[in-house]
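*Asks:* File follows, upload01.cif with mmCIF, C-alpha atoms:
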```cif
data_work
#
loop_
_atom_site.label_atom_id
_atom_site.label_comp_id
_atom_site.auth_asym_id
_atom_site.auth_seq_id
_atom_site.Cartn_x
_atom_site.Cartn_y
_atom_site.Cartn_z
CA MET A 1408 -22.22 -61.25 -97.47
CA ASN A 1409 -24.76 -61.98 -100.18
CA ALA A 1410 -24.09 -62.88 -103.83
CA GLY A 1411 -24.71 -59.31 -105.05
CA ASN A 1412 -22.05 -57.83 -102.77
CA CYS A 1413 -19.57 -60.54 -103.80
CA ALA A 1414 -20.09 -59.77 -107.47
CA SER A 1415 -19.66 -56.04 -106.78
CA CYS A 1416 -16.36 -56.64 -104.95
CA VAL A 1417 -15.01 -58.83 -107.74
CA GLU A 1418 -15.89 -56.22 -110.35
CA LYS A 1419 -14.18 -53.44 -108.34
CA LYS A 1420 -11.00 -55.53 -107.99
CA ARG A 1421 -10.98 -56.26 -111.70
CA LYS A 1422 -11.27 -52.55 -112.57
CA THR A 1423 -8.53 -51.70 -110.05
CA ARG A 1424 -6.11 -54.26 -111.57
CA THR A 1425 -6.85 -52.95 -115.06
CA ALA A 1426 -6.17 -49.35 -114.03
CA VAL A 1427 -2.90 -50.31 -112.32
CA ALA A 1428 -1.78 -52.31 -115.32
CA GLU A 1429 -2.41 -49.32 -117.61
CA ARG A 1430 -0.26 -47.08 -115.39
CA GLN A 1431 2.58 -49.55 -114.76
CA PRO A 1432 4.66 -50.71 -117.72
CA GLY A 1433 5.49 -54.02 -116.01
CA MET A 1434 1.86 -55.12 -115.94
CA GLU A 1435 0.66 -55.15 -119.56
CA GLN A 1436 -2.65 -56.42 -120.79
CA LYS A 1437 -2.59 -59.40 -123.14
CA ARG A 1438 -2.17 -58.23 -126.71
CA PRO A 1439 -4.21 -59.61 -129.57
CA ASP A 1440 -2.75 -62.57 -131.41
CA SER A 1441 -0.60 -61.71 -134.41
CA PRO A 1442 -0.93 -63.54 -137.73
CA LEU A 1443 1.60 -66.37 -137.42
CA ASP A 1444 2.21 -69.62 -139.25
CA PRO A 1445 -0.64 -71.80 -137.93
CA THR A 1446 1.43 -74.96 -138.32
CA ASN A 1447 4.42 -73.73 -136.32
CA PRO A 1448 3.61 -73.24 -132.61
CA PHE A 1449 7.23 -72.38 -131.83
CA LEU A 1450 6.79 -68.98 -133.46
CA GLU A 1451 4.23 -68.09 -130.79
CA ASP A 1452 5.09 -66.55 -127.45
CA GLU A 1453 5.22 -68.90 -124.51
CA PRO A 1454 3.48 -68.13 -121.22
CA GLY A 1455 5.61 -65.74 -119.23
CA GLU A 1456 7.55 -64.44 -122.23
CA ASP A 1457 7.57 -60.73 -122.96
CA VAL A 1458 5.50 -60.03 -126.07
CA GLY A 1459 6.47 -56.37 -126.38
CA THR A 1460 7.96 -54.80 -129.46
CA GLU A 1461 11.68 -54.72 -130.18
CA LYS A 1462 11.78 -51.05 -129.22
CA ASP A 1463 10.20 -51.85 -125.84
CA GLU A 1464 12.72 -54.63 -125.30
CA ASP A 1465 15.65 -52.35 -126.11
CA LEU A 1466 14.36 -49.69 -123.69
CA ALA A 1467 13.87 -52.26 -120.95
CA LYS A 1468 17.41 -53.57 -121.41
CA SER A 1469 18.88 -50.07 -121.19
CA ARG A 1470 16.92 -49.25 -118.03
CA LYS A 1471 17.27 -52.49 -116.12
CA PRO A 1472 20.58 -54.33 -115.72
CA LYS A 1473 20.55 -58.13 -116.07
CA ALA A 1474 19.94 -59.88 -112.78
CA PRO A 1475 22.71 -62.24 -111.67
CA ASP A 1476 22.04 -65.98 -111.82
CA ASN A 1477 20.37 -67.30 -108.70
CA PRO A 1478 22.75 -69.87 -107.11
CA PHE A 1479 19.80 -71.59 -105.44
CA HIS A 1480 17.79 -71.98 -108.65
CA GLY A 1481 16.83 -75.59 -109.29
CA ILE A 1482 18.22 -77.04 -106.07
CA VAL A 1483 14.87 -78.40 -104.92
CA SER A 1484 13.72 -79.58 -108.35
CA LYS A 1485 16.94 -81.55 -108.89
CA CYS A 1486 15.93 -83.77 -105.99
CA PHE A 1487 12.99 -85.00 -108.08
CA GLU A 1488 14.91 -85.56 -111.35
CA PRO A 1489 15.52 -89.29 -110.72
CA HIS A 1490 11.75 -89.77 -110.51
CA LEU A 1491 10.79 -87.80 -113.64
CA TYR A 1492 11.08 -90.97 -115.74
CA VAL A 1493 7.41 -91.44 -114.83
CA TYR A 1494 6.55 -88.23 -116.68
CA ILE A 1495 8.72 -89.20 -119.68
CA GLU A 1496 7.12 -92.64 -119.93
CA SER A 1497 3.69 -91.05 -119.72
CA GLN A 1498 4.47 -88.73 -122.64
CA ASP A 1499 5.82 -91.69 -124.62
CA LYS A 1500 2.48 -93.46 -124.25
CA ASN A 1501 0.47 -90.29 -124.93
CA LEU A 1502 2.35 -89.57 -128.15
CA GLY A 1503 1.87 -93.16 -129.28
CA VAL A 1504 -1.87 -92.76 -128.80
CA LEU A 1505 -1.77 -89.41 -130.64
CA ILE A 1506 -0.01 -90.91 -133.67
CA ASP A 1507 -2.51 -93.78 -133.76
CA ARG A 1508 -5.32 -91.22 -133.68
CA PHE A 1509 -3.76 -89.36 -136.62
CA VAL A 1510 -3.64 -92.60 -138.60
CA ALA A 1511 -7.27 -93.42 -137.78
CA ASP A 1512 -8.45 -89.89 -138.62
CA PHE A 1513 -6.68 -89.96 -141.98
CA ARG A 1514 -8.25 -93.30 -142.87
CA ALA A 1515 -11.71 -92.10 -141.81
CA GLN A 1516 -11.63 -88.61 -143.33
CA GLY A 1517 -9.09 -89.03 -146.11
CA PRO A 1518 -7.13 -86.23 -147.76
CA SER A 1519 -8.56 -83.02 -149.16
CA LYS A 1520 -10.27 -83.54 -152.50
CA ALA A 1521 -9.22 -81.85 -155.74
CA GLY A 1522 -10.89 -78.52 -156.32
CA MET A 1523 -11.18 -77.71 -152.62
CA GLU A 1524 -9.44 -74.59 -151.36
CA GLU A 1525 -7.30 -76.61 -148.96
CA GLY A 1526 -6.12 -78.96 -151.72
CA GLY A 1527 -2.39 -79.52 -151.34
CA ALA A 1528 -2.44 -77.87 -147.91
CA VAL A 1529 -0.50 -78.99 -144.87
CA LEU A 1530 -2.21 -81.85 -143.02
CA PRO A 1531 -3.90 -80.65 -139.78
CA SER A 1532 -2.17 -83.39 -137.78
CA CYS A 1533 1.17 -81.63 -138.35
CA ALA A 1534 0.14 -78.62 -136.25
CA ASP A 1535 -1.48 -80.86 -133.64
CA LEU A 1536 1.75 -82.84 -133.17
CA PHE A 1537 3.99 -79.82 -132.69
CA VAL A 1538 1.49 -78.06 -130.41
CA TYR A 1539 1.65 -81.13 -128.16
CA TYR A 1540 5.47 -81.13 -128.41
CA LYS A 1541 5.57 -77.53 -127.24
CA LYS A 1542 3.27 -78.28 -124.32
CA CYS A 1543 5.48 -81.20 -123.22
CA MET A 1544 8.65 -79.13 -123.62
CA VAL A 1545 7.33 -76.27 -121.49
CA GLN A 1546 6.02 -78.61 -118.79
CA CYS A 1547 9.23 -80.60 -118.57
CA SER A 1548 11.45 -77.50 -118.51
CA GLN A 1549 9.48 -76.23 -115.50
CA LEU A 1550 10.36 -79.44 -113.67
CA SER A 1551 13.93 -79.91 -114.90
CA THR A 1552 16.34 -78.55 -117.49
CA GLY A 1553 18.78 -81.44 -117.26
CA GLU A 1554 18.66 -85.15 -118.10
CA PRO A 1555 14.85 -85.40 -118.22
CA MET A 1556 14.85 -82.88 -121.09
CA ILE A 1557 17.36 -85.06 -122.95
CA ALA A 1558 15.09 -88.06 -122.39
CA LEU A 1559 12.12 -86.06 -123.67
CA THR A 1560 14.12 -85.07 -126.75
CA THR A 1561 14.70 -88.75 -127.48
CA ILE A 1562 10.93 -89.30 -127.30
CA PHE A 1563 10.42 -86.37 -129.69
CA GLN A 1564 12.88 -87.91 -132.14
CA LYS A 1565 11.10 -91.26 -131.98
CA PHE A 1566 7.70 -89.83 -132.84
CA LEU A 1567 9.02 -87.48 -135.53
CA ARG A 1568 10.18 -90.62 -137.33
CA GLU A 1569 6.87 -92.35 -136.60
CA TYR A 1570 4.93 -89.41 -138.02
CA ALA A 1571 7.11 -89.35 -141.14
CA TRP A 1572 6.61 -93.06 -141.68
CA LYS A 1573 2.98 -93.67 -140.68
CA ILE A 1574 1.33 -90.40 -141.72
CA LEU A 1575 3.46 -89.12 -144.60
CA SER A 1576 5.32 -91.91 -146.41
CA GLY A 1577 2.69 -94.44 -145.36
CA ASN A 1578 -0.03 -92.49 -147.18
CA LEU A 1579 1.81 -91.74 -150.42
CA PRO A 1580 -0.02 -93.39 -153.35
CA LYS A 1581 1.72 -96.52 -154.55
CA SER A 1582 3.17 -96.44 -158.04
CA SER A 1583 2.02 -99.40 -160.12
CA SER A 1584 5.11 -99.35 -162.32
CA ASN A 1585 7.79 -101.95 -161.81
CA SER A 1586 11.52 -101.62 -162.33
CA GLY A 1587 11.14 -102.70 -165.95
CA GLY A 1588 8.74 -99.89 -166.78
CA LEU A 1589 5.48 -100.36 -168.64
CA THR A 1590 4.20 -103.65 -170.00
CA ILE A 1591 4.48 -104.54 -173.66
CA THR A 1592 0.72 -104.16 -174.14
CA SER A 1593 0.67 -100.64 -172.70
CA LEU A 1594 3.71 -99.63 -174.73
CA LEU A 1595 2.18 -100.77 -178.00
CA LYS A 1596 -1.13 -99.09 -177.30
CA GLU A 1597 -0.93 -95.32 -176.95
CA LYS A 1598 -3.68 -94.15 -174.65
CA GLU A 1599 -5.46 -90.87 -175.07
CA GLY A 1600 -7.29 -88.70 -172.53
CA PRO A 1601 -7.12 -88.42 -168.76
CA GLU A 1602 -7.55 -92.19 -168.26
CA ALA A 1603 -3.91 -92.65 -169.32
CA ALA A 1604 -2.69 -91.06 -166.08
CA LYS A 1605 -1.62 -93.56 -163.45
CA PHE A 1606 -2.51 -91.21 -160.59
CA THR A 1607 -5.91 -89.59 -160.31
CA VAL A 1608 -6.23 -85.85 -159.72
CA ASP A 1609 -7.02 -86.54 -156.06
CA GLU A 1610 -3.89 -88.66 -155.74
CA LEU A 1611 -1.76 -85.91 -157.29
CA CYS A 1612 -3.23 -83.47 -154.76
CA LEU A 1613 -2.48 -85.90 -151.92
CA ILE A 1614 1.16 -86.22 -152.96
CA CYS A 1615 1.47 -82.42 -153.04
CA SER A 1616 -0.22 -82.17 -149.62
CA ILE A 1617 2.19 -84.70 -148.11
CA LEU A 1618 5.13 -82.84 -149.67
CA SER A 1619 3.92 -79.53 -148.18
CA THR A 1620 3.43 -81.19 -144.80
CA ALA A 1621 6.95 -82.64 -144.89
CA GLU A 1622 8.37 -79.20 -145.61
CA SER A 1623 6.41 -77.75 -142.70
CA CYS A 1624 7.65 -80.54 -140.42
CA LEU A 1625 11.21 -79.88 -141.53
CA ALA A 1626 11.03 -76.16 -140.74
CA THR A 1627 9.22 -76.70 -137.43
CA THR A 1628 11.68 -79.38 -136.34
CA GLN A 1629 14.47 -76.86 -136.80
CA GLN A 1630 12.57 -74.44 -134.56
CA LEU A 1631 11.99 -77.23 -132.04
CA GLU A 1632 15.71 -77.95 -131.84
CA GLU A 1633 16.47 -74.28 -131.22
CA LYS A 1634 13.84 -74.03 -128.47
CA LEU A 1635 15.09 -77.18 -126.76
CA LYS A 1636 18.63 -75.80 -126.71
CA GLU A 1637 17.33 -72.61 -125.12
CA LYS A 1638 15.55 -74.57 -122.38
CA VAL A 1639 18.20 -77.06 -121.27
CA ASP A 1640 21.28 -76.53 -119.10
CA LYS A 1641 24.38 -75.39 -120.96
CA ILE A 1642 26.20 -78.57 -120.02
CA VAL A 1643 23.79 -80.73 -122.08
CA VAL A 1644 23.11 -78.38 -125.02
CA GLU A 1645 25.41 -80.34 -127.33
CA ARG A 1646 23.30 -83.44 -126.80
CA ILE A 1647 20.27 -81.77 -128.42
CA ASN A 1648 20.52 -82.73 -132.08
CA LEU A 1649 17.58 -83.33 -134.40
CA THR A 1650 19.66 -83.37 -137.58
CA GLY A 1651 18.93 -87.05 -138.02
CA GLU A 1652 15.23 -86.26 -138.28
CA MET A 1653 15.85 -83.55 -140.88
CA ASP A 1654 18.51 -85.02 -143.11
CA THR A 1655 18.36 -87.88 -145.56
CA PHE A 1656 19.90 -91.21 -144.55
CA SER A 1657 20.94 -93.71 -147.16
CA MET A 1658 19.13 -96.62 -145.49
CA THR A 1659 16.33 -94.77 -143.68
CA SER A 1660 15.44 -91.97 -146.08
CA LEU A 1661 11.73 -92.77 -145.77
CA LEU A 1662 11.91 -91.84 -142.10
CA CYS A 1663 13.29 -88.38 -142.76
CA TYR A 1664 11.47 -85.35 -144.02
CA HIS A 1665 13.99 -84.71 -146.77
CA GLY A 1666 13.32 -88.30 -147.82
CA VAL A 1667 9.56 -87.74 -147.87
CA ILE A 1668 10.00 -84.62 -149.99
CA SER A 1669 12.34 -86.40 -152.39
CA ASN A 1670 10.02 -89.42 -152.69
CA SER A 1671 7.00 -87.19 -153.30
CA ILE A 1672 8.72 -85.31 -156.12
CA GLN A 1673 9.95 -88.58 -157.61
CA LEU A 1674 6.42 -89.99 -157.64
CA LEU A 1675 5.15 -86.92 -159.50
CA VAL A 1676 7.97 -87.24 -162.04
CA GLN A 1677 7.47 -90.98 -162.54
CA ASP A 1678 3.75 -90.51 -163.10
CA LEU A 1679 4.20 -87.93 -165.85
CA ASP A 1680 7.07 -89.92 -167.31
CA ALA A 1681 4.91 -93.03 -167.50
CA VAL A 1682 2.05 -91.40 -169.40
CA CYS A 1683 4.52 -89.96 -171.94
CA ASP A 1684 6.29 -93.29 -172.56
CA PRO A 1685 3.70 -94.70 -175.02
CA ALA A 1686 4.03 -91.60 -177.18
CA LEU A 1687 7.82 -91.98 -177.33
CA THR A 1688 7.42 -95.64 -178.25
CA ALA A 1689 4.98 -94.66 -181.00
CA MET A 1690 7.56 -92.17 -182.28
CA SER A 1691 10.26 -94.84 -182.58
CA LYS A 1692 7.87 -97.16 -184.49
CA MET A 1693 6.79 -94.63 -187.11
CA PRO A 1694 7.96 -95.29 -190.73
CA TRP A 1695 10.27 -92.27 -190.94
CA GLN A 1696 11.76 -93.50 -194.21
CA SER A 1697 8.37 -93.17 -195.89
CA VAL A 1698 7.61 -89.58 -194.83
CA GLU A 1699 7.02 -87.61 -198.04
CA HIS A 1700 6.55 -84.06 -196.74
CA VAL A 1701 6.96 -82.01 -193.55
CA GLY A 1702 3.66 -81.06 -191.97
CA ASP A 1703 2.43 -79.98 -188.55
CA GLN A 1704 3.73 -81.59 -185.37
CA SER A 1705 3.33 -85.34 -185.22
CA PRO A 1706 0.54 -87.04 -183.20
CA TYR A 1707 3.04 -88.32 -180.59
CA VAL A 1708 4.07 -84.73 -179.84
CA THR A 1709 0.42 -83.72 -179.43
CA SER A 1710 -0.05 -86.62 -177.00
CA ILE A 1711 2.98 -85.63 -174.88
CA ILE A 1712 1.87 -81.99 -174.73
CA MET A 1713 -1.65 -83.07 -173.74
CA HIS A 1714 -0.38 -85.09 -170.77
CA ILE A 1715 1.90 -82.25 -169.67
CA LYS A 1716 -1.00 -79.79 -169.78
CA GLN A 1717 -3.12 -82.18 -167.70
CA ASN A 1718 -0.61 -82.83 -164.89
CA VAL A 1719 1.62 -79.79 -164.52
CA PRO A 1720 -1.05 -77.15 -163.70
CA ILE A 1721 -2.50 -79.41 -160.98
CA ILE A 1722 0.92 -79.90 -159.42
CA ARG A 1723 1.80 -76.20 -159.69
CA ASP A 1724 -1.46 -75.06 -158.06
CA ASN A 1725 -1.10 -77.53 -155.20
CA LEU A 1726 2.53 -76.58 -154.57
CA ALA A 1727 1.83 -72.84 -154.64
CA SER A 1728 3.11 -72.50 -151.06
CA THR A 1729 6.30 -74.43 -151.85
CA CYS A 1730 7.40 -73.01 -155.19
CA LYS A 1731 10.98 -74.25 -154.87
CA TYR A 1732 9.76 -77.85 -154.90
CA PHE A 1733 7.64 -77.23 -157.99
CA THR A 1734 10.81 -75.96 -159.68
CA GLN A 1735 12.60 -79.12 -158.54
CA PHE A 1736 9.80 -81.19 -160.05
CA CYS A 1737 10.19 -79.38 -163.39
CA ILE A 1738 13.97 -79.89 -163.36
CA LYS A 1739 13.73 -83.57 -162.45
CA PHE A 1740 11.08 -84.28 -165.07
CA THR A 1741 13.10 -82.49 -167.75
CA ASN A 1742 16.27 -84.33 -166.75
CA SER A 1743 14.35 -87.60 -167.04
CA PHE A 1744 12.42 -86.91 -170.26
CA ILE A 1745 15.06 -85.36 -172.54
CA PRO A 1746 17.63 -88.24 -172.32
CA LYS A 1747 14.77 -90.69 -172.91
CA PHE A 1748 13.61 -88.64 -175.91
CA ILE A 1749 17.14 -88.63 -177.37
CA ASN A 1750 17.40 -92.38 -176.82
CA HIS A 1751 14.21 -92.90 -178.84
CA LEU A 1752 15.54 -90.63 -181.61
CA PHE A 1753 18.33 -93.14 -182.25
CA ARG A 1754 15.67 -95.84 -182.65
CA CYS A 1755 13.98 -93.92 -185.45
CA LYS A 1756 15.55 -95.77 -188.34
CA PRO A 1757 15.69 -96.14 -191.20
CA ILE A 1758 15.01 -92.47 -191.77
CA SER A 1759 14.85 -90.25 -194.86
CA MET A 1760 15.91 -86.62 -195.13
CA VAL A 1761 12.25 -85.52 -195.03
CA GLY A 1762 11.72 -87.73 -191.98
CA ALA A 1763 14.66 -86.03 -190.24
CA GLU A 1764 13.15 -82.64 -191.10
CA GLN A 1765 9.83 -83.68 -189.52
CA LEU A 1766 11.62 -84.87 -186.38
CA LEU A 1767 13.44 -81.53 -186.22
CA LEU A 1768 10.08 -79.75 -186.32
CA ASP A 1769 8.74 -82.05 -183.57
CA THR A 1770 11.84 -81.45 -181.44
CA HIS A 1771 11.43 -77.69 -181.76
CA SER A 1772 7.76 -77.98 -180.70
CA LEU A 1773 8.74 -79.98 -177.60
CA LYS A 1774 11.55 -77.54 -176.82
CA THR A 1775 9.08 -74.64 -176.87
CA VAL A 1776 6.69 -76.48 -174.54
CA PHE A 1777 9.44 -77.39 -172.08
CA LEU A 1778 10.74 -73.82 -171.96
CA ASP A 1779 7.23 -72.75 -170.90
CA LEU A 1780 6.68 -75.76 -168.60
CA PRO A 1781 6.71 -73.86 -165.24
CA SER A 1782 3.89 -71.56 -166.37
CA ILE A 1783 2.04 -73.83 -168.81
CA GLY A 1784 -1.73 -73.49 -168.48
CA SER A 1785 -1.40 -70.45 -166.19
CA GLN A 1786 -3.05 -67.12 -166.86
CA VAL A 1787 -0.08 -65.39 -165.26
CA LEU A 1788 3.14 -65.99 -167.17
CA HIS A 1789 6.27 -66.16 -165.06
CA LYS A 1790 9.78 -66.36 -166.43
CA ALA A 1791 11.27 -69.80 -165.87
CA PRO A 1792 14.32 -69.97 -163.55
CA ALA A 1793 17.62 -69.61 -165.41
CA SER A 1794 18.87 -72.95 -164.04
CA TYR A 1795 15.84 -74.72 -165.53
CA THR A 1796 16.05 -72.93 -168.89
CA LYS A 1797 19.72 -73.88 -169.18
CA ILE A 1798 18.86 -77.59 -168.77
CA VAL A 1799 16.15 -77.45 -171.46
CA VAL A 1800 18.28 -75.54 -173.96
CA LYS A 1801 21.29 -77.80 -173.46
CA GLY A 1802 19.32 -81.05 -173.76
CA MET A 1803 17.07 -80.13 -176.68
CA THR A 1804 19.94 -78.49 -178.60
CA ARG A 1805 21.75 -81.81 -178.40
CA ALA A 1806 18.68 -83.55 -179.82
CA GLU A 1807 18.54 -81.02 -182.67
CA MET A 1808 22.23 -81.51 -183.46
CA ILE A 1809 21.77 -85.30 -183.64
CA LEU A 1810 18.92 -84.87 -186.13
CA LYS A 1811 20.89 -82.37 -188.23
CA VAL A 1812 23.77 -84.83 -188.51
CA ARG A 1813 21.39 -87.63 -189.54
CA ARG A 1814 19.75 -85.34 -192.10
CA ARG A 1815 23.13 -84.48 -193.55
CA ARG A 1816 23.98 -88.16 -193.88
CA CYS A 1817 20.67 -88.80 -195.65
CA HIS A 1818 21.41 -85.94 -198.08
CA LYS A 1819 24.79 -87.33 -199.16
CA PRO A 1820 24.58 -89.12 -202.53
CA ASP A 1821 25.66 -92.78 -202.68
CA PRO A 1822 29.24 -93.21 -203.97
#
```
Output the structure of this file as structure tokens.

*Replies:*
Amino acid sequence: MNAGNCASCVEKKRKTRTAVAERQPGMEQKRPDSPLDPTNPFLEDEPGEDVGTEKDEDLAKSRKPKAPDNPFHGIVSKCFEPHLYVYIESQDKNLGVLIDRFVADFRAQGPSKAGMEEGGAVLPSCADLFVYYKKCMVQCSQLSTGEPMIALTTIFQKFLREYAWKILSGNLPKSSSNSGGLTITSLLKEKEGPEAAKFTVDELCLICSILSTAESCLATTQQLEEKLKEKVDKIVVERINLTGEMDTFSMTSLLCYHGVISNSIQLLVQDLDAVCDPALTAMSKMPWQSVEHVGDQSPYVTSIIMHIKQNVPIIRDNLASTCKYFTQFCIKFTNSFIPKFINHLFRCKPISMVGAEQLLLDTHSLKTVFLDLPSIGSQVLHKAPASYTKIVVKGMTRAEMILKVRRRRCHKPDP
């Protein structure tokens, strides 16, 4: 038979299979991919799984009774379970190489730069890791659904922690502040302009990107745990537990995704806190006893507002896909700034009645800015969450009451 006849036969068989598949409901053609989360491979259908609609599944269940469990299923494969450690060890080495490649790629390519569309996006290595996890899980479950799957889960846990440490926490920008805060020189000199920020715009974007990646890892790890429990024998289901890789540990928080998220938010808060500190110090050093009249907001207030307008829009735009963590950032920054502001109010002494009036005006200006903090610099104004507004109102009202009491004391005539 020559090549032309062979090609003709192959084409006829292909057309025949297509026609049969169209007539028989059990032989469906592959459907086009649906738009799924690109970083979560566990939302995709596995080979051999039915990808029909829910209505099709319900009809199939009503027509066809569930087949009884095959008592002979797995008898042959169990004979090879003692030797599957070779496969597990191989995956251990492969994942180690994969993590090292992620580290090398990040060092060579670096994070996305500010202004790029993917700024603050999930790192590509996140999807690559979980795609490989899914491949290993499917392969191993075809060989065994017993102890080897438990061993593979242990390998998964190991490299989830490695990824959190080497790729996420390991690449967070280092804060240059020490436990004592800023130096005396930096406190006495109030900086102006973007150079006052400790983190560059690119570093702020990197922190947001790592935060988004940690959230994606957290959600995908939950899906991974569910899929593993579906694959293994019922007798070992309880031994599948990835909670340790999702929750925060007191001594190993950097290895957990909740820890990475918390550390990322804290870095963003500390950075904005640090650039506002010189302005607060300048406030406490002003001669409030010599203020003769109440004017516009003081220069220290203008400086604080300037830094807020520089940082917050960048953080909000880069956390657009994780809005709840942007809200947490706003809450944490407010909870950090307002007590510090009140503490510096007590240092403003001696103070005259006019000085207290000026501080009241400044406090009201800051209160207005903080109430609008979640949408500051945005063309679309969104109402701040009630929980956040409550914190601002409570804290700044306390500051106003302190100043009103001090003003009243200044107004009392000497006996």

*Asks:* Skip stretch 1693-1704 of chain A itself and residues of its chain fewer than 2 positions away, then list as a PyMOL selection string all residues within 7 Å of it, counting all atoms listed in the file.

*Replies:* chain A and resi 1689-1691+1706+1708+1755-1759+1761-1762+1764-1765+1768-1769

*Asks:* Could you save the residues just selected, with C-alpha atoms, as a compact mmCIF listing (two decimals), in the coordinates of the input?

*Replies:*
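Result written to part.txt:
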```txt
# COMPACT_ATOMS: atom_id res chain seq x y z
CA ALA A 1689 4.98 -94.66 -181.00
CA MET A 1690 7.56 -92.17 -182.28
CA SER A 1691 10.26 -94.84 -182.58
CA PRO A 1706 0.54 -87.04 -183.20
CA VAL A 1708 4.07 -84.73 -179.84
CA CYS A 1755 13.98 -93.92 -185.45
CA LYS A 1756 15.55 -95.77 -188.34
CA PRO A 1757 15.69 -96.14 -191.20
CA ILE A 1758 15.01 -92.47 -191.77
CA SER A 1759 14.85 -90.25 -194.86
CA VAL A 1761 12.25 -85.52 -195.03
CA GLY A 1762 11.72 -87.73 -191.98
CA GLU A 1764 13.15 -82.64 -191.10
CA GLN A 1765 9.83 -83.68 -189.52
CA LEU A 1768 10.08 -79.75 -186.32
CA ASP A 1769 8.74 -82.05 -183.57
```

*Asks:* Would you work out the distance separating atom CA of A:Ser1616 from atom CA of A:Leu1536, expressed in Å to one decimal?

*Replies:*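 Separation of atom CA of A:Ser1616 and atom CA of A:Leu1536: 16.6 Å.
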
*Asks:* Go ahead and compute the interatomic distance for atom CA of A:Leu1687 and atom CA of A:Tyr1707, in Å to one decimal.

*Replies:*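 Atom CA of A:Tyr1707 lies 6.8 Å from atom CA of A:Leu1687.
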
*Asks:* Would you mind listing what lies within 12 Å of stretch 1741-1743 of chain A as a PyMOL selection string, with only C-alpha atoms counted and same-chain residues fewer than 3 positions away left out?

*Replies:* chain A and resi 1673+1675-1681+1683-1684+1715+1734-1738+1746-1750+1773-1774+1776-1781+1794-1803

*Asks:* What gap, in Å, lies between atom CA of A:Asp1499 and atom CA of A:Ile1562?

*Replies:*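 Value for the atom CA of A:Asp1499-atom CA of A:Ile1562 distance: 6.2 Å.
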
*Asks:* Applied to the shown file, which residues does the PyMOL selection byres ((chain A and resi 1619-1634) around 7) return, written as a PyMOL selection string?

*Replies:* chain A and resi 1447+1449+1528-1530+1533+1615-1618+1635-1638+1647-1649+1653+1664+1667-1668+1729

*Asks:* Residues near A:Ile1506, anyone? I mean within 9 Å using all atoms listed in the file, not counting same-chain ones fewer than 3 positions away, as a CSV table (one decimal) with C-alpha atoms, keeping the file's coordinate frame.

*Replies:*
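Full text of around09.csv as output:
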```csv
chain,number,residue,atom,x,y,z
A,1501,ASN,CA,0.5,-90.3,-124.9
A,1502,LEU,CA,2.4,-89.6,-128.2
A,1503,GLY,CA,1.9,-93.2,-129.3
A,1509,PHE,CA,-3.8,-89.4,-136.6
A,1510,VAL,CA,-3.6,-92.6,-138.6
A,1511,ALA,CA,-7.3,-93.4,-137.8
A,1532,SER,CA,-2.2,-83.4,-137.8
A,1536,LEU,CA,1.8,-82.8,-133.2
A,1566,PHE,CA,7.7,-89.8,-132.8
A,1569,GLU,CA,6.9,-92.4,-136.6
A,1570,TYR,CA,4.9,-89.4,-138.0
A,1573,LYS,CA,3.0,-93.7,-140.7
A,1574,ILE,CA,1.3,-90.4,-141.7
```
